[in-house]
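Trainee: Here you go, model-v8.tsv (TSV, C-alpha atoms):
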chain	number	residue	atom	x	y	z
O	16	MET	CA	0.00	0.00	0.00
O	17	ASN	CA	1.37	3.38	-1.01
O	18	CYS	CA	1.34	6.32	1.39
O	19	ARG	CA	2.41	9.94	1.58
O	20	LEU	CA	4.26	11.84	4.30
O	21	VAL	CA	3.58	15.50	5.02
O	22	PHE	CA	5.81	17.44	7.39
O	23	PHE	CA	3.98	20.29	9.12
O	24	ALA	CA	5.95	22.67	11.33
O	25	ALA	CA	8.35	19.78	11.90
O	26	ARG	CA	11.96	19.59	12.98
O	27	LYS	CA	14.43	16.76	12.47
O	28	THR	CA	12.63	15.81	9.27
O	29	SER	CA	15.24	13.41	7.88
O	30	PHE	CA	15.49	11.58	11.22
O	31	CYS	CA	11.70	11.37	11.46
O	32	GLU	CA	11.46	10.03	7.92
O	33	ARG	CA	14.04	7.33	8.69
O	34	ALA	CA	12.14	6.34	11.84
O	35	LEU	CA	8.97	5.95	9.78
O	36	GLN	CA	10.66	4.00	6.99
O	37	LYS	CA	11.74	1.35	9.51
O	38	SER	CA	8.11	0.71	10.43
O	39	PHE	CA	6.61	0.95	6.96
O	40	SER	CA	7.94	-2.39	5.76
O	41	GLU	CA	6.38	-4.15	8.77
O	42	LEU	CA	3.01	-2.58	7.93
O	43	ASP	CA	3.34	-3.26	4.19
O	44	LEU	CA	3.50	0.47	3.38
O	45	GLU	CA	5.59	2.17	0.74
O	46	LEU	CA	6.35	5.88	0.91
O	47	VAL	CA	5.76	7.38	-2.53
O	48	LYS	CA	6.04	11.08	-1.75
O	49	THR	CA	7.28	13.38	0.99
O	50	CYS	CA	6.22	17.03	1.10
O	51	PHE	CA	6.21	19.99	3.45
O	52	ALA	CA	3.55	22.43	4.65
O	53	THR	CA	4.36	25.58	6.58
O	54	ASP	CA	0.81	26.83	7.23
O	55	SER	CA	-2.74	25.47	7.46
O	56	GLU	CA	-3.62	26.44	3.88
O	57	GLN	CA	-0.63	24.59	2.46
O	58	LEU	CA	-1.41	21.60	4.70
O	59	GLY	CA	-4.97	21.53	3.36
O	60	VAL	CA	-3.71	21.56	-0.22
O	61	GLU	CA	-1.24	18.73	0.46
O	62	LEU	CA	-3.84	16.58	2.24
O	63	THR	CA	-6.47	17.14	-0.46
O	64	ASP	CA	-3.99	16.19	-3.17
O	65	ALA	CA	-2.78	13.15	-1.21
O	66	PHE	CA	-6.25	11.75	-0.55
O	67	LYS	CA	-7.19	12.10	-4.23
O	68	LYS	CA	-4.47	9.55	-5.02
O	69	LEU	CA	-3.84	7.54	-1.83
O	70	ASN	CA	-5.70	6.12	1.14
O	71	VAL	CA	-2.97	6.49	3.77
O	72	VAL	CA	-1.32	9.79	4.74
O	73	PHE	CA	1.05	10.52	7.62
O	74	VAL	CA	1.47	14.05	9.00
O	75	VAL	CA	4.48	14.66	11.22
O	76	GLY	CA	4.63	17.78	13.39
O	77	GLY	CA	2.33	20.42	14.81
O	78	LEU	CA	1.14	18.34	17.76
O	79	GLY	CA	2.97	20.47	20.30
O	80	PHE	CA	0.88	23.56	19.49
O	81	ASP	CA	-2.44	23.97	21.27
O	82	ASP	CA	-3.60	27.12	19.50
O	83	GLU	CA	-5.33	27.62	16.14
O	84	LYS	CA	-2.07	26.79	14.35
O	85	GLY	CA	-1.81	23.36	15.94
O	86	ILE	CA	-2.49	20.30	13.83
O	87	LYS	CA	-5.27	19.05	16.13
O	88	SER	CA	-7.20	22.29	15.69
O	89	ILE	CA	-6.62	22.39	11.92
O	90	ILE	CA	-7.71	18.77	11.40
O	91	SER	CA	-10.76	19.22	13.65
O	92	ARG	CA	-11.93	22.16	11.52
O	93	ALA	CA	-11.18	20.31	8.28
O	94	LEU	CA	-13.16	17.23	9.33
O	95	CYS	CA	-16.16	18.99	10.87
O	96	GLU	CA	-18.37	18.01	7.91
O	97	THR	CA	-16.71	14.69	7.08
O	98	PRO	CA	-18.17	11.46	8.44
O	99	VAL	CA	-15.37	9.94	10.51
O	100	ASN	CA	-15.54	6.20	11.25
O	101	ASP	CA	-12.91	6.23	13.97
O	102	CYS	CA	-10.58	8.61	15.77
O	103	LYS	CA	-8.09	7.12	18.21
O	104	LYS	CA	-5.38	8.63	20.36
O	105	LEU	CA	-2.07	6.78	19.97
O	106	LYS	CA	-0.58	6.95	23.46
O	107	ASN	CA	3.06	7.90	23.74
O	108	GLU	CA	4.57	7.94	27.20
O	109	TYR	CA	7.65	9.85	25.98
O	110	GLY	CA	5.94	12.99	24.67
O	111	ASP	CA	3.06	14.09	22.45
O	112	ASP	CA	0.49	11.43	21.65
O	113	GLY	CA	-0.27	10.64	18.02
O	114	TYR	CA	-3.70	10.18	16.43
O	115	VAL	CA	-5.22	7.95	13.79
O	116	ILE	CA	-8.37	9.06	11.98
O	117	ARG	CA	-10.30	6.78	9.64
O	118	ALA	CA	-12.95	8.08	7.27
O	119	ALA	CA	-14.39	5.45	4.92
O	120	ASN	CA	-11.35	3.76	3.37
O	121	GLN	CA	-8.85	6.53	4.11
O	122	LEU	CA	-6.47	6.73	7.03
O	123	LEU	CA	-4.80	9.88	8.39
O	124	VAL	CA	-2.04	9.37	10.97
O	125	LEU	CA	-0.80	12.37	12.99
O	126	LEU	CA	2.59	11.94	14.65
O	127	PRO	CA	4.93	14.08	16.79
O	128	ASP	CA	8.14	15.32	15.23
O	129	GLU	CA	10.54	13.34	17.42
O	130	PRO	CA	12.06	10.17	15.89
O	131	ALA	CA	12.08	8.18	19.16
O	132	GLN	CA	8.42	9.02	19.76
O	133	ILE	CA	7.52	8.07	16.19
O	134	GLU	CA	9.16	4.66	16.63
O	135	GLU	CA	7.34	4.17	19.95
O	136	ILE	CA	3.94	4.96	18.37
O	137	MET	CA	4.54	3.04	15.14
O	138	HIS	CA	5.69	-0.15	16.89
O	139	GLY	CA	3.12	0.05	19.68
O	140	PRO	CA	-0.26	1.78	19.45
O	141	LEU	CA	-0.47	2.22	15.65
O	142	LYS	CA	0.58	-1.32	14.88
O	143	LYS	CA	-1.96	-2.61	17.44
O	144	TYR	CA	-4.68	-0.41	15.95
O	145	ILE	CA	-4.02	-1.61	12.43
O	146	MET	CA	-3.88	-5.26	13.45
O	147	ALA	CA	-6.97	-5.06	15.70
O	148	ASN	CA	-9.06	-3.32	13.08
O	149	SER	CA	-7.61	-5.07	10.02
O	150	VAL	CA	-7.28	-1.59	8.59
O	151	MET	CA	-4.69	-2.31	5.93
O	152	GLN	CA	-6.69	-5.26	4.59
O	153	GLN	CA	-9.54	-2.88	3.72
O	154	TYR	CA	-7.40	-1.03	1.18
Please, can you express the file's structure as structure tokens?
Mentor:
Amino acid sequence: MNCRLVFFAARKTSFCERALQKSFSELDLELVKTCFATDSEQLGVELTDAFKKLNVVFVVGGLGFDDEKGIKSIISRALCETPVNDCKKLKNEYGDDGYVIRAANQLLVLLPDEPAQIEEIMHGPLKKYIMANSVMQQY
């Protein structure tokens, strides 16, 4: 299954991408494109384009902000009129939690921009979520 990675207000991008790549093979995912968004408008454009072509998109960064510029606020506004099948917090005892949002056959995964935290979430809560819900088999 192909997926896209969008960095939003992220640091350590190459380290984060490497941390993700390690987990992708275990989840039968292949990264086909990496892009960057510096504001909510650009993020919206990248996500719209990604979901026209793919069913799985990862966004790294923006979880540490709690204001209108934070990824949680932006995604909440973007999905206010979209029927969401599932929204799950991906617990991370080392920092910001991640999130997985499923709408129909599309999956959006929000992750912190720290490589160690990404590995923790990918190998723990996200892998459990995907296996428990047979998410990847639906695609």
Trainee: For each of O:Cys50, O:Leu58, O:Leu35, O:Val72, take the minimum atom-to-atom distance to Arg19 (chain O), counting only C-alpha atoms, then give the residue where this is smallest.
Mentor: O:Val72
Trainee: At a cut-off of 8 Å, using only C-alpha atoms, what residues contact Gln121 (chain O)? Leave out same-chain residues fewer than 3 positions from it and give the result as a list in words.
Mentor: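 Listing them by chain and then by number gives Phe66, Leu69, Asn70, Val71, Arg117 and Ala118 of chain O.
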Trainee: If we count all atoms listed in the file and set the cut-off at 10 Å, which residues sit around Lys106 (chain O), ignoring sequence neighbours fewer than 3 positions away in its own chain? Please answer as an NGL selection string.
Mentor: :O and (103 or 109-114 or 132 or 135-136 or 139-141)
Trainee: Which is closer to Ile116 (chain O) than all the others in O:His138, O:Lys37, O:Lys68, O:Lys87, using all atoms listed in the file?
Mentor: O:Lys87
Trainee: Applying 12 Å and all atoms listed in the file, which residues near Cys18 (chain O) remain after dropping the ones on its own chain fewer than 2 positions away? List them as a PyMOL selection string.
Mentor: chain O and resi 16+20-21+35-36+39-40+42-50+62+65-74+121-124+151+154
Trainee: So which residues touch Ala93 (chain O) within 12 Å, counting all atoms listed in the file, skipping near sequence neighbours fewer than 5 positions away, as a PDB file with C-alpha atoms, in the frame of the given file?
Mentor:
ATOM      1  CA  SER O  55      -2.740  25.470   7.460  1.00  0.00           C
ATOM      2  CA  GLU O  56      -3.620  26.440   3.880  1.00  0.00           C
ATOM      3  CA  LEU O  58      -1.410  21.600   4.700  1.00  0.00           C
ATOM      4  CA  GLY O  59      -4.970  21.530   3.360  1.00  0.00           C
ATOM      5  CA  VAL O  60      -3.710  21.560  -0.220  1.00  0.00           C
ATOM      6  CA  LEU O  62      -3.840  16.580   2.240  1.00  0.00           C
ATOM      7  CA  THR O  63      -6.470  17.140  -0.460  1.00  0.00           C
ATOM      8  CA  ILE O  86      -2.490  20.300  13.830  1.00  0.00           C
ATOM      9  CA  LYS O  87      -5.270  19.050  16.130  1.00  0.00           C
ATOM     10  CA  SER O  88      -7.200  22.290  15.690  1.00  0.00           C
ATOM     11  CA  PRO O  98     -18.170  11.460   8.440  1.00  0.00           C
ATOM     12  CA  VAL O  99     -15.370   9.940  10.510  1.00  0.00           C
TER      13      VAL O  99
END
Trainee: Which residue out of O:Glu129, O:Asn107, O:Tyr144, O:Glu134 has the minimum interatomic distance to Ser29 (chain O) when all atoms listed in the file are used?
Mentor: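 The shortest atom-to-atom distance to Ser29 (chain O) comes from O:Glu129.
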Trainee: For the atom pair CA of Lys27 (chain O) and CA of Asp101 (chain O), what is the interatomic distance in Å to one decimal place?
Mentor: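 Value for the CA of Lys27 (chain O)-CA of Asp101 (chain O) distance: 29.3 Å.
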Trainee: Would you compute the distance between CA of Pro130 (chain O) and CA of Gly77 (chain O)? Give it in Å to one decimal.
Mentor: 14.2 Å
Trainee: Nearest to Asp128 (chain O) among O:Gly76, O:Phe30, O:Ala52, O:Asp64, with distances taken over only C-alpha atoms: which residue is it?
Mentor: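 Residue with the minimum atom-to-atom distance to Asp128 (chain O): O:Gly76.
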Trainee: Take CA of Met146 (chain O) and CA of Pro127 (chain O) and report the distance between them in Å, one decimal.
Mentor: 21.5 Å
